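Okay, structure first, notes after.
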Amino acid sequence: MSTVSRRPASSPRELARAADRLSFLYLERCTIHRDSNALTVETAEGTTHIPSATIGTLLLGPGTRITHQAMTVLGETGAGVVWTGEHGVRSYATGRSLSRSSALAEAQALRWANPRTRLETARAMYRLRFPDEDPAGLTRRELLGREGTRMRDFYRAEAARTGIRWKGRHYTPGDFTSGDPPNQAITAAAQAMYGVSHAVIAALGCSPALGFVHSGHELSFVLDIADLYKTDVGIPVAFDVAAESPEDIGARTRRALRNRIHELRLQERIVADIRRLLVAESAVADEDTVSLQSDHGQYVAAGVNYGEGNW
């Protein structure tokens, strides 16, 4: 078998754009290896080949083993990797590829460091989520208060739409099964959306920590971006799945959400929204410059916990 050093790294032209990739892939109880530029997933049922350049985020659940060569090809193609707990709803560590451009990171830092532009960006995020309301003049604390009120109303509306009895949002960190079916589905959807958002943010070279609505967390910007798509994508999918059946709700929610993300081309929308929020469109570098390709195919491991945000 050939070694990693004898295989040429993928060129930028061979890589899929962040906007065009499979949003996320959850694997558990398997062994992941490399065959050329593809991943091989070995289970009791056999072996499956997956083109590595098509993966946006790889979620590794319990019972997975991944080889050094598999991690190397993921580093070359810039895929995000997150090690998760049971049901894929708690993150323990993540591998992040290194971007070749600092353009968006510099723009993000400039907007974050200035209190005026930081608040302007938080208000712009609120407008993206709730276009029927103008948040001009609101402080960050007032934005959070209105967001909380609107989310409680939205949960009740989704429960009425799907005919589910709703007792409120309840989540116990580390205990997925403590929630009722709709809460379990919302938790599963939230964690998957955090993973997708994190992968796109890292691919574009932005800092996961420099948030505009959330603050004080190493993944504040990840929570900010994932929140943009709660009412459009994550929560409606969760309620739809919970209304169908309480069985295997975590896996079914992930599959339904993955299909919905693909249908909406959500990653393309995330890329566009991040650019629109951070810099003027004319000042943004070409997508080939801000690509998923890392300079050295290198990964940095860091222990993280997405927690539950305010889902």
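Naming scheme: A, B, ... for chains in displayed order of the structure tokens; residues 1 onward per chain; ligands 1 onward as shown.
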Quick one: residues within 7 Å of region 153-165 of chain A, only C-alpha atoms counted, chain neighbours fewer than 4 positions away excluded, as a compact mmCIF listing (two decimals) with all heavy atoms, in the first residue's frame?
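So selection.txt came out as:
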# COMPACT_ATOMS: atom_id res chain seq x y z
N THR A 149 -38.18 36.13 23.09
CA THR A 149 -39.64 36.19 22.99
C THR A 149 -40.13 35.60 21.67
O THR A 149 -41.08 34.80 21.63
CB THR A 149 -40.13 37.64 23.12
OG1 THR A 149 -39.75 38.14 24.41
CG2 THR A 149 -41.64 37.71 22.98
N PRO A 236 -38.17 23.80 12.20
CA PRO A 236 -39.26 23.16 11.46
C PRO A 236 -38.98 21.69 11.13
O PRO A 236 -39.87 20.84 11.24
CB PRO A 236 -39.38 24.01 10.19
CG PRO A 236 -38.88 25.35 10.61
CD PRO A 236 -37.76 25.08 11.56
N PHE A 239 -39.49 19.58 14.35
CA PHE A 239 -40.89 19.35 14.70
C PHE A 239 -41.54 18.38 13.72
O PHE A 239 -42.36 17.54 14.12
CB PHE A 239 -41.66 20.67 14.75
CG PHE A 239 -41.62 21.34 16.09
CD1 PHE A 239 -40.63 22.26 16.39
CD2 PHE A 239 -42.56 21.06 17.06
CE1 PHE A 239 -40.58 22.88 17.64
CE2 PHE A 239 -42.53 21.66 18.31
CZ PHE A 239 -41.53 22.58 18.59
N ASP A 240 -41.19 18.47 12.44
CA ASP A 240 -41.73 17.53 11.46
C ASP A 240 -41.35 16.10 11.80
O ASP A 240 -42.18 15.18 11.75
CB ASP A 240 -41.23 17.88 10.06
CG ASP A 240 -41.90 19.13 9.49
OD1 ASP A 240 -42.97 19.51 10.00
OD2 ASP A 240 -41.32 19.73 8.56
N ALA A 243 -43.11 14.82 14.93
CA ALA A 243 -44.52 14.56 14.71
C ALA A 243 -44.75 13.21 14.03
O ALA A 243 -45.81 12.60 14.19
CB ALA A 243 -45.14 15.67 13.87
(request) Run DSSP on the backbone of this structure and report the residues of region 42-237 of chain A it assigns to helix (DSSP H, G or I), as a PyMOL selection string. (result) chain A and resi 52-54+68-77+86-88+103-113+115-129+140-162+176-178+181-203+220-227+230-237
* So which residues touch Pro246 (chain A) within 10 Å, counting only C-alpha atoms, skipping near sequence neighbours fewer than 3 positions away, as a ChimeraX atom specification? -> /A:180-182,184-185,241-243,249-250,252
I'd like the neighbourhood of Asp232 (chain A) as a PDB file with all heavy atoms, in the first residue's frame, where a residue qualifies if any of its atoms comes within 12 Å (using only C-alpha atoms), though same-chain residues fewer than 3 positions away should be ignored.
ATOM      1  N   LEU A 128     -31.739  39.597   9.335  1.00  0.00           N
ATOM      2  CA  LEU A 128     -31.741  38.393   8.510  1.00  0.00           C
ATOM      3  C   LEU A 128     -32.699  37.352   9.057  1.00  0.00           C
ATOM      4  O   LEU A 128     -33.369  36.641   8.305  1.00  0.00           O
ATOM      5  CB  LEU A 128     -30.331  37.800   8.434  1.00  0.00           C
ATOM      6  CG  LEU A 128     -29.327  38.471   7.499  1.00  0.00           C
ATOM      7  CD1 LEU A 128     -27.970  37.799   7.600  1.00  0.00           C
ATOM      8  CD2 LEU A 128     -29.825  38.423   6.052  1.00  0.00           C
ATOM      9  N   ARG A 129     -32.791  37.259  10.368  1.00  0.00           N
ATOM     10  CA  ARG A 129     -33.659  36.271  10.992  1.00  0.00           C
ATOM     11  C   ARG A 129     -35.119  36.710  11.001  1.00  0.00           C
ATOM     12  O   ARG A 129     -36.018  35.897  10.806  1.00  0.00           O
ATOM     13  CB  ARG A 129     -33.198  36.021  12.433  1.00  0.00           C
ATOM     14  CG  ARG A 129     -31.821  35.418  12.538  1.00  0.00           C
ATOM     15  CD  ARG A 129     -31.428  35.215  13.989  1.00  0.00           C
ATOM     16  NE  ARG A 129     -32.318  34.272  14.662  1.00  0.00           N
ATOM     17  CZ  ARG A 129     -32.256  33.978  15.950  1.00  0.00           C
ATOM     18  NH1 ARG A 129     -31.350  34.563  16.710  1.00  0.00           N
ATOM     19  NH2 ARG A 129     -33.093  33.110  16.473  1.00  0.00           N
ATOM     20  N   PHE A 130     -35.343  37.989  11.251  1.00  0.00           N
ATOM     21  CA  PHE A 130     -36.701  38.504  11.392  1.00  0.00           C
ATOM     22  C   PHE A 130     -36.862  39.753  10.511  1.00  0.00           C
ATOM     23  O   PHE A 130     -36.835  40.887  10.997  1.00  0.00           O
ATOM     24  CB  PHE A 130     -36.998  38.846  12.857  1.00  0.00           C
ATOM     25  CG  PHE A 130     -36.692  37.740  13.815  1.00  0.00           C
ATOM     26  CD1 PHE A 130     -35.670  37.868  14.751  1.00  0.00           C
ATOM     27  CD2 PHE A 130     -37.404  36.548  13.781  1.00  0.00           C
ATOM     28  CE1 PHE A 130     -35.379  36.849  15.644  1.00  0.00           C
ATOM     29  CE2 PHE A 130     -37.121  35.517  14.671  1.00  0.00           C
ATOM     30  CZ  PHE A 130     -36.105  35.669  15.596  1.00  0.00           C
ATOM     31  N   MET A 151     -38.592  33.454  19.761  1.00  0.00           N
ATOM     32  CA  MET A 151     -38.351  32.020  19.690  1.00  0.00           C
ATOM     33  C   MET A 151     -39.400  31.245  20.474  1.00  0.00           C
ATOM     34  O   MET A 151     -39.865  30.193  20.027  1.00  0.00           O
ATOM     35  CB  MET A 151     -36.948  31.696  20.208  1.00  0.00           C
ATOM     36  CG  MET A 151     -35.827  32.147  19.277  1.00  0.00           C
ATOM     37  SD  MET A 151     -36.054  31.581  17.568  1.00  0.00           S
ATOM     38  CE  MET A 151     -36.157  29.826  17.798  1.00  0.00           C
ATOM     39  N   PHE A 154     -42.315  31.111  18.360  1.00  0.00           N
ATOM     40  CA  PHE A 154     -42.106  30.236  17.206  1.00  0.00           C
ATOM     41  C   PHE A 154     -42.255  28.765  17.601  1.00  0.00           C
ATOM     42  O   PHE A 154     -42.837  27.973  16.856  1.00  0.00           O
ATOM     43  CB  PHE A 154     -40.726  30.481  16.592  1.00  0.00           C
ATOM     44  CG  PHE A 154     -40.508  29.758  15.294  1.00  0.00           C
ATOM     45  CD1 PHE A 154     -41.078  30.220  14.115  1.00  0.00           C
ATOM     46  CD2 PHE A 154     -39.746  28.597  15.249  1.00  0.00           C
ATOM     47  CE1 PHE A 154     -40.891  29.539  12.918  1.00  0.00           C
ATOM     48  CE2 PHE A 154     -39.550  27.918  14.062  1.00  0.00           C
ATOM     49  CZ  PHE A 154     -40.127  28.390  12.896  1.00  0.00           C
ATOM     50  N   GLU A 158     -44.896  26.222  15.860  1.00  0.00           N
ATOM     51  CA  GLU A 158     -44.501  24.958  15.237  1.00  0.00           C
ATOM     52  C   GLU A 158     -45.219  23.774  15.879  1.00  0.00           C
ATOM     53  O   GLU A 158     -45.605  22.827  15.196  1.00  0.00           O
ATOM     54  CB  GLU A 158     -42.984  24.773  15.330  1.00  0.00           C
ATOM     55  CG  GLU A 158     -42.213  25.627  14.360  1.00  0.00           C
ATOM     56  CD  GLU A 158     -42.530  25.270  12.924  1.00  0.00           C
ATOM     57  OE1 GLU A 158     -42.214  24.140  12.506  1.00  0.00           O
ATOM     58  OE2 GLU A 158     -43.115  26.114  12.217  1.00  0.00           O
ATOM     59  N   MET A 193     -26.418  21.673  12.965  1.00  0.00           N
ATOM     60  CA  MET A 193     -26.279  23.007  12.395  1.00  0.00           C
ATOM     61  C   MET A 193     -25.034  23.716  12.913  1.00  0.00           C
ATOM     62  O   MET A 193     -24.374  24.449  12.182  1.00  0.00           O
ATOM     63  CB  MET A 193     -27.519  23.839  12.698  1.00  0.00           C
ATOM     64  CG  MET A 193     -28.749  23.450  11.898  1.00  0.00           C
ATOM     65  SD  MET A 193     -28.512  23.615  10.105  1.00  0.00           S
ATOM     66  CE  MET A 193     -28.090  25.345   9.966  1.00  0.00           C
ATOM     67  N   ALA A 226     -25.201  29.845  13.142  1.00  0.00           N
ATOM     68  CA  ALA A 226     -26.201  28.774  13.192  1.00  0.00           C
ATOM     69  C   ALA A 226     -27.575  29.314  13.551  1.00  0.00           C
ATOM     70  O   ALA A 226     -28.601  28.849  13.037  1.00  0.00           O
ATOM     71  CB  ALA A 226     -25.772  27.702  14.195  1.00  0.00           C
ATOM     72  N   ASP A 227     -27.608  30.312  14.413  1.00  0.00           N
ATOM     73  CA  ASP A 227     -28.890  30.890  14.831  1.00  0.00           C
ATOM     74  C   ASP A 227     -29.650  31.542  13.672  1.00  0.00           C
ATOM     75  O   ASP A 227     -30.883  31.666  13.716  1.00  0.00           O
ATOM     76  CB  ASP A 227     -28.664  31.949  15.918  1.00  0.00           C
ATOM     77  CG  ASP A 227     -28.532  31.323  17.300  1.00  0.00           C
ATOM     78  OD1 ASP A 227     -28.608  30.085  17.406  1.00  0.00           O
ATOM     79  OD2 ASP A 227     -28.338  32.081  18.273  1.00  0.00           O
ATOM     80  N   LEU A 228     -28.930  31.965  12.632  1.00  0.00           N
ATOM     81  CA  LEU A 228     -29.587  32.639  11.509  1.00  0.00           C
ATOM     82  C   LEU A 228     -30.607  31.742  10.819  1.00  0.00           C
ATOM     83  O   LEU A 228     -31.532  32.231  10.167  1.00  0.00           O
ATOM     84  CB  LEU A 228     -28.550  33.099  10.484  1.00  0.00           C
ATOM     85  CG  LEU A 228     -27.523  34.139  10.940  1.00  0.00           C
ATOM     86  CD1 LEU A 228     -26.557  34.458   9.798  1.00  0.00           C
ATOM     87  CD2 LEU A 228     -28.217  35.421  11.413  1.00  0.00           C
ATOM     88  N   TYR A 229     -30.436  30.426  10.965  1.00  0.00           N
ATOM     89  CA  TYR A 229     -31.248  29.487  10.188  1.00  0.00           C
ATOM     90  C   TYR A 229     -32.131  28.606  11.075  1.00  0.00           C
ATOM     91  O   TYR A 229     -32.642  27.583  10.629  1.00  0.00           O
ATOM     92  CB  TYR A 229     -30.320  28.623   9.311  1.00  0.00           C
ATOM     93  CG  TYR A 229     -29.277  29.471   8.637  1.00  0.00           C
ATOM     94  CD1 TYR A 229     -27.957  29.472   9.074  1.00  0.00           C
ATOM     95  CD2 TYR A 229     -29.630  30.351   7.610  1.00  0.00           C
ATOM     96  CE1 TYR A 229     -27.013  30.292   8.487  1.00  0.00           C
ATOM     97  CE2 TYR A 229     -28.689  31.176   7.015  1.00  0.00           C
ATOM     98  CZ  TYR A 229     -27.381  31.147   7.464  1.00  0.00           C
ATOM     99  OH  TYR A 229     -26.444  31.981   6.892  1.00  0.00           O
ATOM    100  N   ILE A 235     -35.462  24.173  13.271  1.00  0.00           N
ATOM    101  CA  ILE A 235     -36.595  23.865  14.145  1.00  0.00           C
ATOM    102  C   ILE A 235     -37.786  23.274  13.378  1.00  0.00           C
ATOM    103  O   ILE A 235     -38.395  22.308  13.844  1.00  0.00           O
ATOM    104  CB  ILE A 235     -36.997  25.112  14.948  1.00  0.00           C
ATOM    105  CG1 ILE A 235     -35.848  25.487  15.901  1.00  0.00           C
ATOM    106  CG2 ILE A 235     -38.274  24.883  15.734  1.00  0.00           C
ATOM    107  CD1 ILE A 235     -36.048  26.777  16.648  1.00  0.00           C
ATOM    108  N   PRO A 236     -38.167  23.800  12.199  1.00  0.00           N
ATOM    109  CA  PRO A 236     -39.259  23.156  11.463  1.00  0.00           C
ATOM    110  C   PRO A 236     -38.979  21.692  11.126  1.00  0.00           C
ATOM    111  O   PRO A 236     -39.866  20.838  11.239  1.00  0.00           O
ATOM    112  CB  PRO A 236     -39.379  24.012  10.191  1.00  0.00           C
ATOM    113  CG  PRO A 236     -38.883  25.353  10.606  1.00  0.00           C
ATOM    114  CD  PRO A 236     -37.763  25.078  11.563  1.00  0.00           C
ATOM    115  N   VAL A 237     -37.733  21.389  10.731  1.00  0.00           N
ATOM    116  CA  VAL A 237     -37.379  19.993  10.458  1.00  0.00           C
ATOM    117  C   VAL A 237     -37.526  19.151  11.714  1.00  0.00           C
ATOM    118  O   VAL A 237     -38.063  18.039  11.689  1.00  0.00           O
ATOM    119  CB  VAL A 237     -35.935  19.898   9.911  1.00  0.00           C
ATOM    120  CG1 VAL A 237     -35.447  18.446   9.923  1.00  0.00           C
ATOM    121  CG2 VAL A 237     -35.859  20.456   8.503  1.00  0.00           C
ATOM    122  N   ALA A 238     -37.066  19.675  12.844  1.00  0.00           N
ATOM    123  CA  ALA A 238     -37.147  18.933  14.105  1.00  0.00           C
ATOM    124  C   ALA A 238     -38.593  18.616  14.472  1.00  0.00           C
ATOM    125  O   ALA A 238     -38.916  17.486  14.871  1.00  0.00           O
ATOM    126  CB  ALA A 238     -36.472  19.732  15.220  1.00  0.00           C
ATOM    127  N   LEU A 257     -32.629  16.702   8.168  1.00  0.00           N
ATOM    128  CA  LEU A 257     -31.972  18.002   8.103  1.00  0.00           C
ATOM    129  C   LEU A 257     -30.958  18.050   6.978  1.00  0.00           C
ATOM    130  O   LEU A 257     -30.863  19.042   6.252  1.00  0.00           O
ATOM    131  CB  LEU A 257     -31.292  18.303   9.436  1.00  0.00           C
ATOM    132  CG  LEU A 257     -30.577  19.656   9.543  1.00  0.00           C
ATOM    133  CD1 LEU A 257     -31.570  20.801   9.373  1.00  0.00           C
ATOM    134  CD2 LEU A 257     -29.858  19.777  10.876  1.00  0.00           C
ATOM    135  N   ARG A 260     -32.764  18.581   3.810  1.00  0.00           N
ATOM    136  CA  ARG A 260     -33.276  19.952   3.711  1.00  0.00           C
ATOM    137  C   ARG A 260     -32.160  20.936   3.404  1.00  0.00           C
ATOM    138  O   ARG A 260     -32.341  21.857   2.597  1.00  0.00           O
ATOM    139  CB  ARG A 260     -33.956  20.318   5.036  1.00  0.00           C
ATOM    140  CG  ARG A 260     -34.633  21.681   5.020  1.00  0.00           C
ATOM    141  CD  ARG A 260     -35.734  21.735   4.000  1.00  0.00           C
ATOM    142  NE  ARG A 260     -36.481  22.983   4.077  1.00  0.00           N
ATOM    143  CZ  ARG A 260     -37.135  23.523   3.062  1.00  0.00           C
ATOM    144  NH1 ARG A 260     -37.169  22.906   1.873  1.00  0.00           N
ATOM    145  NH2 ARG A 260     -37.799  24.659   3.203  1.00  0.00           N
ATOM    146  N   ILE A 261     -30.989  20.752   4.016  1.00  0.00           N
ATOM    147  CA  ILE A 261     -29.845  21.622   3.743  1.00  0.00           C
ATOM    148  C   ILE A 261     -29.443  21.524   2.284  1.00  0.00           C
ATOM    149  O   ILE A 261     -29.156  22.535   1.628  1.00  0.00           O
ATOM    150  CB  ILE A 261     -28.668  21.253   4.668  1.00  0.00           C
ATOM    151  CG1 ILE A 261     -28.973  21.690   6.109  1.00  0.00           C
ATOM    152  CG2 ILE A 261     -27.369  21.895   4.196  1.00  0.00           C
ATOM    153  CD1 ILE A 261     -27.966  21.204   7.117  1.00  0.00           C
ATOM    154  N   LEU A 264     -32.056  23.272   0.017  1.00  0.00           N
ATOM    155  CA  LEU A 264     -32.005  24.734   0.091  1.00  0.00           C
ATOM    156  C   LEU A 264     -30.666  25.309  -0.345  1.00  0.00           C
ATOM    157  O   LEU A 264     -30.534  26.535  -0.421  1.00  0.00           O
ATOM    158  CB  LEU A 264     -32.287  25.192   1.532  1.00  0.00           C
ATOM    159  CG  LEU A 264     -33.670  24.905   2.093  1.00  0.00           C
ATOM    160  CD1 LEU A 264     -33.730  25.315   3.562  1.00  0.00           C
ATOM    161  CD2 LEU A 264     -34.741  25.655   1.294  1.00  0.00           C
ATOM    162  N   LEU A 266     -28.053  25.394   1.461  1.00  0.00           N
ATOM    163  CA  LEU A 266     -27.833  26.258   2.619  1.00  0.00           C
ATOM    164  C   LEU A 266     -26.388  26.681   2.767  1.00  0.00           C
ATOM    165  O   LEU A 266     -26.104  27.818   3.175  1.00  0.00           O
ATOM    166  CB  LEU A 266     -28.302  25.548   3.894  1.00  0.00           C
ATOM    167  CG  LEU A 266     -28.205  26.397   5.175  1.00  0.00           C
ATOM    168  CD1 LEU A 266     -29.138  27.600   5.076  1.00  0.00           C
ATOM    169  CD2 LEU A 266     -28.544  25.562   6.405  1.00  0.00           C
TER     170      LEU A 266
END
If you count only C-alpha atoms, the residue of A:Ser36, A:Thr43, A:Gln69, A:Ser207 closest to Ser102 (chain A) turns out to be A:Ser207
All strand (DSSP E or B) residues (DSSP, backbone) inside region 25-223 of chain A, as a VMD selection string:
chain A and resid 25 to 27 30 to 35 38 to 43 46 to 51 55 57 to 60 64 to 66 80 to 84 91 to 97
Worksheet entry | Option closest in space to Ile225 (chain A), from A:Ile270, A:Ala38, A:Val73, A:Leu210 [counting only C-alpha atoms] |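 Once distances to Ile225 (chain A) are computed over only C-alpha atoms, the minimum belongs to A:Ile270.
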| Which residues come within 7 Å of Glu42 (chain A), counting only C-alpha atoms, excluding same-chain residues fewer than 4 positions away, as a PyMOL selection string? | chain A and resi 30-32+46-48
Each region 70-173 of chain A residue no farther than 9 Å from region 53-63 of chain A, nearest pair in Å, only C-alpha atoms, as a tab-separated table:
residue	atom	partner	partner_atom	distance
A:Val73	CA	A:Ala53	CA	8.7
A:Leu74	CA	A:Ala53	CA	7.8
A:Glu76	CA	A:Ala53	CA	8.7
A:Thr77	CA	A:Ala53	CA	5.4
A:Gly78	CA	A:Ala53	CA	7.8
A:Ala79	CA	A:Gly56	CA	5.2
A:Gly80	CA	A:Thr57	CA	4.4
A:Val81	CA	A:Leu58	CA	4.7
A:Val82	CA	A:Leu59	CA	5.0
A:Trp83	CA	A:Leu60	CA	4.8
A:Thr84	CA	A:Gly61	CA	5.0
A:Gly85	CA	A:Gly61	CA	5.7
A:Glu86	CA	A:Pro62	CA	6.1
A:His87	CA	A:Gly61	CA	7.2
A:Gly88	CA	A:Gly61	CA	5.8
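From CA of Asn259 (chain A) back to CA of Ala124 (chain A), the distance works out to 27.9 Å.
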message = What's the separation between CA of Asp224 (chain A) and CA of Glu133 (chain A), in Å to one decimal place?
response =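 So the two atoms, CA of Asp224 (chain A) and CA of Glu133 (chain A), lie 18.3 Å apart.
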re CA of Arg276 (chain A) and CA of Met125 (chain A): distance 10.3 Å
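Of the listed residues (A:Leu204, A:Leu143, A:Gly174, A:Val41), A:Val41 comes nearest to Tyr26 (chain A); the distances count only C-alpha atoms.
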*Using only C-alpha atoms, pick whichever of A:His214, A:Thr187, A:Ser178, A:Arg269 has the shortest atom-to-atom distance to Leu119 (chain A).*
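Between A:His214, A:Thr187, A:Ser178, A:Arg269, the residue approaching Leu119 (chain A) most closely is A:His214.
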